[in-house]
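J.: One structure, pasted below without further comment.
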Amino acid sequence: MTPPRRWPLHPQPEERESLSSWLSRVARCYHIGREDLLEHDLGHGRLDDLDMAPPAALLNTLARRSGLDTDRLRGMTLAGLTPWLLDRVDSD
């Protein structure tokens with residue numbers, strides 16, 4: 001079964017909310033965990049990169065499912081704060 005193009009239920013992100021927090025709230029709308037939402041609906045198994053620098057493919061999928069702009073979604077991550085707040089996300 002193919003996931004729907006757009007989620008029928010999804011709260012809007014709150015101001016200054018992180019991507020992981022928003023995805024947790026979306027998952028609660030469907031009575032599942034964030035991990036299940038990521039893996040089974042979005043095809044993304046990793047949790048450690050959500051608030052750092054999520055892959056562009058994940059942001060594109062989230063944009064299709066939610067109707068939010070990818071720039072808005074990226075702005076909910078640390079990578080979205082570079083170069084304005086941080087010089088870069090990696091530790092090198």
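Simple scheme: letters A, B, ... for chains in structure tokens order, numbers from 1 for residues in each chain, numbers from 1 for ligands in the order shown.
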If DSSP is run on the backbone, what residues of chain A are alpha helix (DSSP H)? A reply as a ChimeraX atom specification would be ideal.
T.: /A:19-29,34-36,56-66,70-74
J.: Would you write out, as a Markdown table, a table of all residues in stretch 43-66 of chain A that have an atom no more than 12 Å from an atom of stretch 25-31 of chain A, listing for each the closest atom pair and the distance in Å to one decimal, considering only C-alpha atoms and ordering rows by chain and rising residue number?
T.:
| residue | atom | partner | partner_atom | distance |
| --- | --- | --- | --- | --- |
| A:Leu62 | CA | A:Val26 | CA | 11.0 |
| A:Arg65 | CA | A:Val26 | CA | 10.8 |
| A:Ser66 | CA | A:Val26 | CA | 9.6 |
J.: Take atom CA of A:Thr77 and atom CA of A:His44 and report the distance between them in Å, one decimal.
T.: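 So the two atoms, atom CA of A:Thr77 and atom CA of A:His44, lie 16.2 Å apart.
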J.: Find the residues near stretch 51-61 of chain A: any atom within 7 Å, counting only C-alpha atoms, skip ones fewer than 5 places away on the same chain, and give them as JSON, numbers by chain.
T.: {"A": [18, 19, 20, 42, 70, 73, 77, 78, 79, 89]}
J.: Mind dumping the selected residues with N, CA and C atoms as a PDB file, in the first residue's frame?
T.:
ATOM      1  N   SER A  18      11.508  22.353  16.979  1.00  0.00           N
ATOM      2  CA  SER A  18      12.457  21.506  16.252  1.00  0.00           C
ATOM      3  C   SER A  18      11.700  20.515  15.376  1.00  0.00           C
ATOM      4  N   LEU A  19      12.386  20.017  14.367  1.00  0.00           N
ATOM      5  CA  LEU A  19      11.794  19.041  13.456  1.00  0.00           C
ATOM      6  C   LEU A  19      11.374  17.781  14.203  1.00  0.00           C
ATOM      7  N   SER A  20      12.212  17.304  15.116  1.00  0.00           N
ATOM      8  CA  SER A  20      11.878  16.080  15.847  1.00  0.00           C
ATOM      9  C   SER A  20      10.640  16.269  16.728  1.00  0.00           C
ATOM     10  N   LEU A  42       7.711   7.405   6.029  1.00  0.00           N
ATOM     11  CA  LEU A  42       8.651   8.288   5.339  1.00  0.00           C
ATOM     12  C   LEU A  42       9.872   7.567   4.790  1.00  0.00           C
ATOM     13  N   THR A  70      10.048  23.321   1.947  1.00  0.00           N
ATOM     14  CA  THR A  70      11.283  22.673   2.429  1.00  0.00           C
ATOM     15  C   THR A  70      12.160  23.653   3.201  1.00  0.00           C
ATOM     16  N   LEU A  73      10.881  23.656   6.715  1.00  0.00           N
ATOM     17  CA  LEU A  73      11.278  22.431   7.394  1.00  0.00           C
ATOM     18  C   LEU A  73      12.761  22.453   7.740  1.00  0.00           C
ATOM     19  N   THR A  77      15.846  22.860  11.823  1.00  0.00           N
ATOM     20  CA  THR A  77      17.036  22.061  12.139  1.00  0.00           C
ATOM     21  C   THR A  77      18.229  22.984  12.369  1.00  0.00           C
ATOM     22  N   LEU A  78      19.294  22.424  12.937  1.00  0.00           N
ATOM     23  CA  LEU A  78      20.515  23.216  13.110  1.00  0.00           C
ATOM     24  C   LEU A  78      21.120  23.597  11.773  1.00  0.00           C
ATOM     25  N   ALA A  79      21.018  22.706  10.788  1.00  0.00           N
ATOM     26  CA  ALA A  79      21.552  23.019   9.458  1.00  0.00           C
ATOM     27  C   ALA A  79      20.846  24.244   8.879  1.00  0.00           C
ATOM     28  N   VAL A  89      27.529  22.909  10.693  1.00  0.00           N
ATOM     29  CA  VAL A  89      26.951  21.920  11.599  1.00  0.00           C
ATOM     30  C   VAL A  89      27.959  20.884  12.034  1.00  0.00           C
TER      31      VAL A  89
END
